[in-house]
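Pasted below: work-v3.cif, mmCIF, C-alpha atoms and all ligand atoms; chains and numbers go by the auth columns.
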```
data_target
#
loop_
_atom_site.group_PDB
_atom_site.id
_atom_site.type_symbol
_atom_site.label_atom_id
_atom_site.label_comp_id
_atom_site.label_asym_id
_atom_site.label_seq_id
_atom_site.Cartn_x
_atom_site.Cartn_y
_atom_site.Cartn_z
_atom_site.B_iso_or_equiv
_atom_site.auth_seq_id
_atom_site.auth_asym_id
ATOM 1 C CA MET A 1 0.000 0.000 0.000 0.00 294 A
ATOM 2 C CA LYS A 2 1.384 3.395 -0.956 0.00 295 A
ATOM 3 C CA GLY A 3 0.617 6.867 0.347 0.00 296 A
ATOM 4 C CA ARG A 4 0.971 10.233 -1.313 0.00 297 A
ATOM 5 C CA ILE A 5 3.249 12.508 0.687 0.00 298 A
ATOM 6 C CA ASN A 6 3.885 16.124 -0.159 0.00 299 A
ATOM 7 C CA GLU A 7 6.823 16.583 2.248 0.00 300 A
ATOM 8 C CA VAL A 8 8.545 15.322 5.405 0.00 301 A
ATOM 9 C CA PHE A 9 10.520 17.809 7.494 0.00 302 A
ATOM 10 C CA LYS A 10 11.462 18.725 11.027 0.00 303 A
ATOM 11 C CA SER A 11 10.338 22.060 12.470 0.00 304 A
ATOM 12 C CA VAL A 12 8.511 23.519 15.455 0.00 305 A
ATOM 13 C CA GLN A 13 4.763 23.434 15.876 0.00 306 A
ATOM 14 C CA GLY A 14 3.407 26.878 15.032 0.00 307 A
ATOM 15 C CA GLU A 15 -0.214 26.623 16.122 0.00 308 A
ATOM 16 C CA GLY A 16 -2.244 26.061 19.257 0.00 309 A
ATOM 17 C CA PRO A 17 -1.215 25.018 22.761 0.00 310 A
ATOM 18 C CA TYR A 18 1.806 23.033 21.525 0.00 311 A
ATOM 19 C CA ALA A 19 3.344 26.002 19.661 0.00 312 A
ATOM 20 C CA GLY A 20 7.115 25.838 20.038 0.00 313 A
ATOM 21 C CA GLU A 21 7.373 22.039 20.401 0.00 314 A
ATOM 22 C CA GLU A 22 9.726 20.272 17.987 0.00 315 A
ATOM 23 C CA GLN A 23 8.022 17.854 15.643 0.00 316 A
ATOM 24 C CA VAL A 24 8.624 15.840 12.507 0.00 317 A
ATOM 25 C CA PHE A 25 5.937 16.965 10.069 0.00 318 A
ATOM 26 C CA VAL A 26 4.453 14.601 7.495 0.00 319 A
ATOM 27 C CA ARG A 27 2.321 16.532 5.032 0.00 320 A
ATOM 28 C CA LEU A 28 -0.095 14.238 3.237 0.00 321 A
ATOM 29 C CA PHE A 29 -1.272 15.172 -0.226 0.00 322 A
ATOM 30 C CA GLY A 30 -4.852 16.117 -1.071 0.00 323 A
ATOM 31 C CA CYS A 31 -7.757 17.799 0.682 0.00 324 A
ATOM 32 C CA ASN A 32 -11.539 17.370 0.659 0.00 325 A
ATOM 33 C CA LEU A 33 -12.200 21.093 1.251 0.00 326 A
ATOM 34 C CA SER A 34 -11.263 24.346 -0.468 0.00 327 A
ATOM 35 C CA CYS A 35 -11.353 26.964 2.249 0.00 328 A
ATOM 36 C CA ARG A 36 -11.387 30.606 1.225 0.00 329 A
ATOM 37 C CA PHE A 37 -8.331 31.373 3.368 0.00 330 A
ATOM 38 C CA CYS A 38 -6.282 28.287 2.438 0.00 331 A
ATOM 39 C CA ASP A 39 -2.568 29.012 2.267 0.00 332 A
ATOM 40 C CA THR A 40 -1.375 25.428 1.809 0.00 333 A
ATOM 41 C CA PRO A 41 -0.950 24.848 -1.909 0.00 334 A
ATOM 42 C CA LEU A 42 0.047 21.189 -2.309 0.00 335 A
ATOM 43 C CA LYS A 43 2.078 21.008 -5.483 0.00 336 A
ATOM 44 C CA GLY A 44 2.870 17.371 -6.009 0.00 337 A
ATOM 45 C CA PHE A 45 3.720 14.297 -4.004 0.00 338 A
ATOM 46 C CA ARG A 46 6.069 11.361 -3.664 0.00 339 A
ATOM 47 C CA GLU A 47 4.718 7.872 -3.091 0.00 340 A
ATOM 48 C CA TYR A 48 5.860 6.035 0.037 0.00 341 A
ATOM 49 C CA GLU A 49 5.325 2.590 1.499 0.00 342 A
ATOM 50 C CA PRO A 50 4.474 2.853 5.230 0.00 343 A
ATOM 51 C CA GLN A 51 7.823 1.381 6.340 0.00 344 A
ATOM 52 C CA GLU A 52 9.694 3.694 3.983 0.00 345 A
ATOM 53 C CA LEU A 53 7.923 6.682 5.512 0.00 346 A
ATOM 54 C CA LEU A 54 8.852 5.501 9.021 0.00 347 A
ATOM 55 C CA GLU A 55 12.514 5.373 7.960 0.00 348 A
ATOM 56 C CA ASP A 56 12.268 8.918 6.600 0.00 349 A
ATOM 57 C CA ILE A 57 10.697 10.105 9.889 0.00 350 A
ATOM 58 C CA LYS A 58 13.486 8.370 11.830 0.00 351 A
ATOM 59 C CA SER A 59 16.147 10.039 9.689 0.00 352 A
ATOM 60 C CA HIS A 60 15.172 13.328 11.339 0.00 353 A
ATOM 61 C CA LYS A 61 15.991 13.972 14.988 0.00 354 A
ATOM 62 C CA GLN A 62 14.604 11.187 17.222 0.00 355 A
ATOM 63 C CA GLU A 63 13.913 13.260 20.353 0.00 356 A
ATOM 64 C CA VAL A 64 10.983 15.268 19.075 0.00 357 A
ATOM 65 C CA HIS A 65 7.765 16.001 20.934 0.00 358 A
ATOM 66 C CA SER A 66 5.711 14.103 18.365 0.00 359 A
ATOM 67 C CA VAL A 67 5.101 13.365 14.693 0.00 360 A
ATOM 68 C CA SER A 68 2.580 15.756 13.201 0.00 361 A
ATOM 69 C CA PHE A 69 0.459 14.276 10.427 0.00 362 A
ATOM 70 C CA THR A 70 -0.891 17.226 8.512 0.00 363 A
ATOM 71 C CA GLY A 71 -2.080 18.182 5.064 0.00 364 A
ATOM 72 C CA GLY A 72 -4.147 18.884 3.155 0.00 365 A
ATOM 73 C CA GLU A 73 -6.339 16.433 5.000 0.00 366 A
ATOM 74 C CA PRO A 74 -4.443 13.362 6.259 0.00 367 A
ATOM 75 C CA LEU A 75 -7.606 11.307 6.834 0.00 368 A
ATOM 76 C CA LEU A 76 -8.259 11.197 3.080 0.00 369 A
ATOM 77 C CA GLN A 77 -5.609 8.437 3.023 0.00 370 A
ATOM 78 C CA ARG A 78 -7.095 6.547 5.957 0.00 371 A
ATOM 79 C CA ASP A 79 -5.731 3.054 5.335 0.00 372 A
ATOM 80 C CA PHE A 80 -2.205 4.216 4.618 0.00 373 A
ATOM 81 C CA LEU A 81 -2.286 6.627 7.566 0.00 374 A
ATOM 82 C CA ARG A 82 -3.469 3.861 9.891 0.00 375 A
ATOM 83 C CA GLU A 83 -0.521 1.678 8.922 0.00 376 A
ATOM 84 C CA VAL A 84 1.934 4.517 9.475 0.00 377 A
ATOM 85 C CA LEU A 85 0.412 5.509 12.824 0.00 378 A
ATOM 86 C CA MET A 86 0.798 1.930 14.012 0.00 379 A
ATOM 87 C CA LEU A 87 4.457 1.919 12.973 0.00 380 A
ATOM 88 C CA THR A 88 5.288 5.276 14.547 0.00 381 A
ATOM 89 C CA SER A 89 3.534 4.258 17.787 0.00 382 A
ATOM 90 C CA GLN A 90 5.526 1.025 17.893 0.00 383 A
ATOM 91 C CA ALA A 91 8.707 3.036 17.302 0.00 384 A
ATOM 92 C CA GLY A 92 7.932 5.141 20.376 0.00 385 A
ATOM 93 C CA TYR A 93 6.666 8.325 18.754 0.00 386 A
ATOM 94 C CA LYS A 94 3.637 10.277 19.903 0.00 387 A
ATOM 95 C CA ASN A 95 1.167 10.814 17.054 0.00 388 A
ATOM 96 C CA TYR A 96 -0.317 14.295 16.571 0.00 389 A
ATOM 97 C CA LEU A 97 -3.081 14.551 13.976 0.00 390 A
ATOM 98 C CA GLU A 98 -3.840 17.925 12.369 0.00 391 A
ATOM 99 C CA THR A 99 -7.158 17.685 10.621 0.00 392 A
ATOM 100 C CA ASN A 100 -9.985 19.788 9.253 0.00 393 A
ATOM 101 C CA GLY A 101 -12.352 17.805 11.474 0.00 394 A
ATOM 102 C CA THR A 102 -14.812 16.591 8.853 0.00 395 A
ATOM 103 C CA LEU A 103 -13.977 12.946 7.994 0.00 396 A
ATOM 104 C CA PHE A 104 -15.428 11.344 11.131 0.00 397 A
ATOM 105 C CA SER A 105 -15.846 7.810 9.729 0.00 398 A
ATOM 106 C CA GLU A 106 -12.195 7.773 8.731 0.00 399 A
ATOM 107 C CA LEU A 107 -11.151 9.010 12.181 0.00 400 A
ATOM 108 C CA LYS A 108 -13.099 6.221 13.854 0.00 401 A
ATOM 109 C CA GLY A 109 -10.930 3.584 12.172 0.00 402 A
ATOM 110 C CA LEU A 110 -7.654 4.919 13.526 0.00 403 A
ATOM 111 C CA ILE A 111 -8.320 7.027 16.640 0.00 404 A
ATOM 112 C CA ASP A 112 -6.743 4.305 18.809 0.00 405 A
ATOM 113 C CA PHE A 113 -3.334 5.129 17.300 0.00 406 A
ATOM 114 C CA VAL A 114 -3.586 8.913 17.729 0.00 407 A
ATOM 115 C CA ASP A 115 -2.376 10.678 20.884 0.00 408 A
ATOM 116 C CA ILE A 116 -3.372 14.288 20.216 0.00 409 A
ATOM 117 C CA VAL A 117 -6.045 15.564 17.825 0.00 410 A
ATOM 118 C CA ALA A 118 -5.737 19.173 16.637 0.00 411 A
ATOM 119 C CA MET A 119 -9.018 19.680 14.811 0.00 412 A
ATOM 120 C CA ASP A 120 -10.403 22.674 12.974 0.00 413 A
ATOM 121 C CA PHE A 121 -13.853 24.145 13.109 0.00 414 A
ATOM 122 C CA LYS A 122 -14.363 25.584 9.617 0.00 415 A
ATOM 123 C CA LEU A 123 -16.868 28.292 10.381 0.00 416 A
ATOM 124 C CA SER A 124 -19.115 28.940 7.434 0.00 417 A
ATOM 125 C CA SER A 125 -18.587 32.718 7.541 0.00 418 A
ATOM 126 C CA SER A 126 -14.788 32.214 7.603 0.00 419 A
ATOM 127 C CA ALA A 127 -14.107 29.290 5.274 0.00 420 A
ATOM 128 C CA GLY A 128 -17.011 29.772 2.841 0.00 421 A
ATOM 129 C CA MET A 129 -17.640 26.019 2.758 0.00 422 A
ATOM 130 C CA GLY A 130 -21.271 25.958 3.970 0.00 423 A
ATOM 131 C CA ASP A 131 -22.365 24.480 7.282 0.00 424 A
ATOM 132 C CA LEU A 132 -19.836 21.871 8.425 0.00 425 A
ATOM 133 C CA LEU A 133 -20.694 21.996 12.120 0.00 426 A
ATOM 134 C CA TRP A 134 -22.711 18.785 11.983 0.00 427 A
ATOM 135 C CA MET A 135 -19.563 16.995 10.738 0.00 428 A
ATOM 136 C CA HIS A 136 -17.440 18.685 13.383 0.00 429 A
ATOM 137 C CA ARG A 137 -19.907 17.441 16.009 0.00 430 A
ATOM 138 C CA ARG A 138 -19.585 13.797 14.908 0.00 431 A
ATOM 139 C CA PHE A 139 -15.819 14.212 14.623 0.00 432 A
ATOM 140 C CA LEU A 140 -15.420 15.746 18.087 0.00 433 A
ATOM 141 C CA GLU A 141 -17.495 12.962 19.634 0.00 434 A
ATOM 142 C CA ILE A 142 -14.938 10.426 18.355 0.00 435 A
ATOM 143 C CA ALA A 143 -11.844 12.594 18.956 0.00 436 A
ATOM 144 C CA SER A 144 -12.915 13.047 22.587 0.00 437 A
ATOM 145 C CA LYS A 145 -11.566 9.563 23.303 0.00 438 A
ATOM 146 C CA LYS A 146 -8.144 11.229 23.172 0.00 439 A
ATOM 147 C CA GLU A 147 -6.599 14.606 23.931 0.00 440 A
ATOM 148 C CA VAL A 148 -8.256 17.077 21.584 0.00 441 A
ATOM 149 C CA PHE A 149 -8.299 20.816 21.019 0.00 442 A
ATOM 150 C CA ILE A 150 -10.075 22.949 18.447 0.00 443 A
ATOM 151 C CA LYS A 151 -8.766 25.687 16.171 0.00 444 A
ATOM 152 C CA ALA A 152 -10.909 28.201 14.306 0.00 445 A
ATOM 153 C CA VAL A 153 -9.653 30.849 11.891 0.00 446 A
ATOM 154 C CA VAL A 154 -11.280 34.239 12.450 0.00 447 A
ATOM 155 C CA CYS A 155 -11.627 36.523 9.416 0.00 448 A
ATOM 156 C CA ALA A 156 -13.197 39.927 8.818 0.00 449 A
ATOM 157 C CA THR A 157 -16.280 38.024 7.621 0.00 450 A
ATOM 158 C CA THR A 158 -16.632 35.720 10.649 0.00 451 A
ATOM 159 C CA THR A 159 -19.946 36.201 12.443 0.00 452 A
ATOM 160 C CA GLU A 160 -20.781 36.085 16.139 0.00 453 A
ATOM 161 C CA SER A 161 -23.593 33.653 15.390 0.00 454 A
ATOM 162 C CA ASP A 162 -21.083 31.138 13.938 0.00 455 A
ATOM 163 C CA LEU A 163 -18.989 31.546 17.080 0.00 456 A
ATOM 164 C CA ALA A 164 -22.084 31.039 19.251 0.00 457 A
ATOM 165 C CA GLU A 165 -22.991 27.812 17.397 0.00 458 A
ATOM 166 C CA SER A 166 -19.432 26.537 17.855 0.00 459 A
ATOM 167 C CA LEU A 167 -19.446 27.294 21.574 0.00 460 A
ATOM 168 C CA LYS A 168 -22.758 25.486 21.943 0.00 461 A
ATOM 169 C CA LEU A 169 -21.299 22.440 20.212 0.00 462 A
ATOM 170 C CA ILE A 170 -18.179 22.430 22.407 0.00 463 A
ATOM 171 C CA LYS A 171 -20.261 22.738 25.569 0.00 464 A
ATOM 172 C CA GLU A 172 -22.498 19.860 24.510 0.00 465 A
ATOM 173 C CA VAL A 173 -19.764 17.468 23.361 0.00 466 A
ATOM 174 C CA LYS A 174 -16.462 18.311 25.082 0.00 467 A
ATOM 175 C CA ARG A 175 -16.869 21.092 27.612 0.00 468 A
ATOM 176 C CA ASP A 176 -13.198 21.133 28.664 0.00 469 A
ATOM 177 C CA ALA A 177 -11.745 21.319 25.128 0.00 470 A
ATOM 178 C CA ILE A 178 -9.505 24.334 24.477 0.00 471 A
ATOM 179 C CA LEU A 179 -10.659 26.605 21.654 0.00 472 A
ATOM 180 C CA VAL A 180 -7.826 28.376 19.808 0.00 473 A
ATOM 181 C CA LEU A 181 -8.874 31.406 17.796 0.00 474 A
ATOM 182 C CA GLN A 182 -6.441 32.192 14.981 0.00 475 A
ATOM 183 C CA PRO A 183 -6.494 35.520 13.132 0.00 476 A
ATOM 184 C CA ASN A 184 -6.479 35.081 9.370 0.00 477 A
ATOM 185 C CA SER A 185 -2.877 36.101 8.728 0.00 478 A
ATOM 186 C CA ARG A 186 -3.789 37.841 5.462 0.00 479 A
ATOM 187 C CA GLU A 187 -6.084 40.236 7.309 0.00 480 A
ATOM 188 C CA ALA A 188 -4.002 40.945 10.428 0.00 481 A
ATOM 189 C CA GLY A 189 -4.587 44.426 11.843 0.00 482 A
ATOM 190 C CA PRO A 190 -6.287 46.377 14.631 0.00 483 A
ATOM 191 C CA GLN A 191 -9.846 45.621 13.475 0.00 484 A
ATOM 192 C CA LEU A 192 -9.287 41.888 13.512 0.00 485 A
ATOM 193 C CA GLN A 193 -7.524 42.163 16.863 0.00 486 A
ATOM 194 C CA ASP A 194 -10.552 43.924 18.346 0.00 487 A
ATOM 195 C CA LYS A 195 -12.805 41.236 16.960 0.00 488 A
ATOM 196 C CA LEU A 196 -10.649 38.477 18.455 0.00 489 A
ATOM 197 C CA ALA A 197 -10.705 40.171 21.851 0.00 490 A
ATOM 198 C CA ARG A 198 -14.515 40.380 21.671 0.00 491 A
ATOM 199 C CA PHE A 199 -14.801 36.730 20.579 0.00 492 A
ATOM 200 C CA LYS A 200 -12.545 35.651 23.448 0.00 493 A
ATOM 201 C CA GLU A 201 -14.745 37.497 25.925 0.00 494 A
ATOM 202 C CA LEU A 202 -17.881 35.923 24.487 0.00 495 A
ATOM 203 C CA SER A 203 -16.303 32.452 24.631 0.00 496 A
ATOM 204 C CA GLU A 204 -15.141 32.810 28.173 0.00 497 A
ATOM 205 C CA ALA A 205 -18.531 34.092 29.248 0.00 498 A
ATOM 206 C CA GLU A 206 -19.806 30.696 28.022 0.00 499 A
ATOM 207 C CA GLY A 207 -17.164 28.928 30.123 0.00 500 A
ATOM 208 C CA VAL A 208 -15.051 27.717 27.154 0.00 501 A
ATOM 209 C CA ASP A 209 -11.270 27.869 27.712 0.00 502 A
ATOM 210 C CA THR A 210 -10.241 30.091 24.795 0.00 503 A
ATOM 211 C CA ARG A 211 -6.811 31.254 23.596 0.00 504 A
ATOM 212 C CA VAL A 212 -5.954 33.698 20.830 0.00 505 A
ATOM 213 C CA ILE A 213 -2.815 32.363 19.127 0.00 506 A
ATOM 214 C CA PRO A 214 -1.668 33.563 15.685 0.00 507 A
ATOM 215 C CA GLN A 215 -0.035 31.114 13.257 0.00 508 A
ATOM 216 C CA MET A 216 3.477 31.424 14.663 0.00 509 A
ATOM 217 C CA HIS A 217 5.294 29.952 11.653 0.00 510 A
ATOM 218 C CA LYS A 218 4.578 33.172 9.818 0.00 511 A
ATOM 219 C CA GLU A 219 5.733 35.311 12.769 0.00 512 A
ATOM 220 C CA TRP A 220 8.916 33.280 13.160 0.00 513 A
ATOM 221 C CA GLY A 221 9.592 33.021 9.430 0.00 514 A
ATOM 222 C CA VAL A 222 10.000 29.228 9.515 0.00 515 A
ATOM 223 C CA LYS A 223 8.240 26.418 7.679 0.00 516 A
HETATM 224 S S1 LIG B . -8.788 22.135 5.092 0.00 601 A
HETATM 225 FE FE1 LIG B . -6.792 23.116 5.289 0.00 601 A
HETATM 226 S S2 LIG B . -5.640 22.390 3.486 0.00 601 A
HETATM 227 FE FE2 LIG B . -7.806 21.930 3.106 0.00 601 A
HETATM 228 S S3 LIG B . -8.524 23.701 1.934 0.00 601 A
HETATM 229 FE FE3 LIG B . -8.981 24.118 4.099 0.00 601 A
HETATM 230 S S4 LIG B . -7.207 25.279 4.839 0.00 601 A
HETATM 231 FE FE4 LIG B . -6.603 24.324 2.900 0.00 601 A
#
```

Will you turn the file into structure tokens for me?
Amino acid sequence: MKGRINEVFKSVQGEGPYAGEEQVFVRLFGCNLSCRFCDTPLKGFREYEPQELLEDIKSHKQEVHSVSFTGGEPLLQRDFLREVLMLTSQAGYKNYLETNGTLFSELKGLIDFVDIVAMDFKLSSSAGMGDLLWMHRRFLEIASKKEVFIKAVVCATTTESDLAESLKLIKEVKRDAILVLQPNSREAGPQLQDKLARFKELSEAEGVDTRVIPQMHKEWGVK
């Protein structure tokens, strides 16, 4: 069985509560969404056997916090990903899954081999992909078996009603999950900052642990 891999590299995590931790990143090719703010153009791939990918991961520094499986959307290659997650677990790595939080059936088949789930909420008024919250709900129900946190990109277009729906979902499914609000880096400025501060207040008034963390890779100028 072969998987399509865009790139394998070592860097530091740039998003969410694990920002600053060293990881080996495995970027899987392909995505099932086309978000308005997407800044991850995947131009090509190399095919790997699972064992071959493990060797590539091992060729980077061994003492990393975890292996980050990212994309695109890694769960699009569920069977291949499952094999690799089993191998990395056996080799002593912690598995960190970065996902757009929509492919819940695929997650179900491999959640046992994931340690940390970093899932997105693609708010309709941010991503322009229609209402995906029902998928995020099913996804979060399964991800809650493991450590999970949620990221949501906030844009000039993002509405308070989308935030309110998201908070309701978190409270119903995983009350103690951290919500990370990320400013859309293309729109950074005082207006967006004010909006993020207001959103954080609204979230905390609902009892949801909320952090505002920009995408640090761009701030640090690293991959
Ligand atoms: S899910 Fe991520 S990779 Fe896919 S289109 Fe949206 S932002 Fe881009």

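Of the listed residues A:Asp413, A:Lys387, A:Glu348, A:Ile435, the one whose atoms come nearest to Glu399 (chain A) is A:Ile435, with distances taken using all atoms listed in the file.
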
Environment of ligand LIG 601 (chain A) within 12 Å, counting only C-alpha atoms and all ligand atoms, reported as a short mmCIF file (atom, residue, chain, number, x, y, z; two decimals) with C-alpha atoms, in the frame of the given file:
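Here's the written file result25.cif:
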```cif
data_model
loop_
_atom_site.label_atom_id
_atom_site.label_comp_id
_atom_site.auth_asym_id
_atom_site.auth_seq_id
_atom_site.Cartn_x
_atom_site.Cartn_y
_atom_site.Cartn_z
CA ASN A 299 3.88 16.12 -0.16
CA ARG A 320 2.32 16.53 5.03
CA LEU A 321 -0.10 14.24 3.24
CA PHE A 322 -1.27 15.17 -0.23
CA GLY A 323 -4.85 16.12 -1.07
CA CYS A 324 -7.76 17.80 0.68
CA ASN A 325 -11.54 17.37 0.66
CA LEU A 326 -12.20 21.09 1.25
CA SER A 327 -11.26 24.35 -0.47
CA CYS A 328 -11.35 26.96 2.25
CA ARG A 329 -11.39 30.61 1.23
CA PHE A 330 -8.33 31.37 3.37
CA CYS A 331 -6.28 28.29 2.44
CA ASP A 332 -2.57 29.01 2.27
CA THR A 333 -1.38 25.43 1.81
CA PRO A 334 -0.95 24.85 -1.91
CA LEU A 335 0.05 21.19 -2.31
CA LYS A 336 2.08 21.01 -5.48
CA THR A 363 -0.89 17.23 8.51
CA GLY A 364 -2.08 18.18 5.06
CA GLY A 365 -4.15 18.88 3.16
CA GLU A 366 -6.34 16.43 5.00
CA PRO A 367 -4.44 13.36 6.26
CA LEU A 368 -7.61 11.31 6.83
CA LEU A 369 -8.26 11.20 3.08
CA GLU A 391 -3.84 17.92 12.37
CA THR A 392 -7.16 17.68 10.62
CA ASN A 393 -9.98 19.79 9.25
CA GLY A 394 -12.35 17.80 11.47
CA THR A 395 -14.81 16.59 8.85
CA LEU A 396 -13.98 12.95 7.99
CA MET A 412 -9.02 19.68 14.81
CA ASP A 413 -10.40 22.67 12.97
CA PHE A 414 -13.85 24.14 13.11
CA LYS A 415 -14.36 25.58 9.62
CA LEU A 416 -16.87 28.29 10.38
CA SER A 417 -19.11 28.94 7.43
CA SER A 419 -14.79 32.21 7.60
CA ALA A 420 -14.11 29.29 5.27
CA GLY A 421 -17.01 29.77 2.84
CA MET A 422 -17.64 26.02 2.76
CA LEU A 425 -19.84 21.87 8.43
CA LYS A 444 -8.77 25.69 16.17
CA ALA A 445 -10.91 28.20 14.31
CA VAL A 446 -9.65 30.85 11.89
CA ASN A 477 -6.48 35.08 9.37
#
```

**Message:** For Ala490 (chain A), find every residue with an atom within 12 Å (counting all atoms listed in the file), except residues of its own chain fewer than 6 positions away, and show them as an MDAnalysis selection string.
**Reply:** chainID A and resid 447 474:476 483:484 496:497 503:506

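Remark: for Ser382 (chain A), the closest of the candidate residues A:Phe406, A:Trp427, A:Phe362, A:Phe397 is A:Phe406 (distances computed over all atoms listed in the file).
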
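Between CA of Lys467 (chain A) and CA of Asp502 (chain A) there is a distance of 11.2 Å.
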
**Asked** If you apply the PyMOL selection byres (((chain A and resi 373) around 9) and not hetatm) to this file, what residues do you get, as a ChimeraX atom specification?
**Response** /A:294-296,342-343,370-372,374-378

**Prompt:** Residues picked by the PyMOL selection byres (((chain A and resi 440) around 8) and not hetatm) here, as a PyMOL selection string?
**Reply:** chain A and resi 408-410+436-439+441-442

For region 375-392 of chain A, what centre and edge lengths in Å (one decimal) does the axis-aligned box get once 4 Å is added on each side of all its listed atoms, as lines of an AutoDock Vina configuration file?
```
center_x = 0.8
center_y = 9.5
center_z = 14.6
size_x = 23.9
size_y = 24.9
size_z = 19.5
```

**Fill in**
Between CA of Phe432 (chain A) and CA of Lys401 (chain A) lies a distance of 8.5 Å

**Message:** Taking all atoms listed in the file into account, name the residue in A:Ala411, A:Ala449, A:Leu495, A:Leu433 that is nearest to Gly309 (chain A).
**Reply:** A:Ala411

**Fill in**
Closest of A:Ser418, A:Gln486, A:Ser398, A:Ser478 to Asp455 (chain A), counting only C-alpha atoms, is A:Ser418

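Note that the spacing between CA of Phe318 (chain A) and CA of Gln383 (chain A) amounts to 17.8 Å.
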
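With distances taken over all atoms listed in the file, A:Val360 is the one residue among A:Gln344, A:Val360, A:Lys354, A:Leu380 lying closest to Val319 (chain A).
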
**Complete:** Nearest to Ala312 (chain A), restricted to all atoms listed in the file and choosing among A:Asp405, A:Leu456, A:His358, A:Ala470, comes out as A:His358

**Request:** Using all atoms listed in the file, collect all residues at a distance of at most 6 Å from (10.1, 19.2, 14.0) as written in the file, then present them as a ChimeraX atom specification.
**Result:** /A:303-305,315-317

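Near Val407 (chain A), within a cut-off of 7 Å and counting only C-alpha atoms, sit the residues Asn388, Tyr389, Leu390 and Ile404 of chain A, with same-chain residues fewer than 3 positions away left out.
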
**Message:** Which residues would end up in the selection if the PyMOL selection byres (((chain A and resi 339) around 8) and not hetatm) were applied here, given that I need the answer as a ChimeraX atom specification?
**Reply:** /A:297-300,337-338,340-341
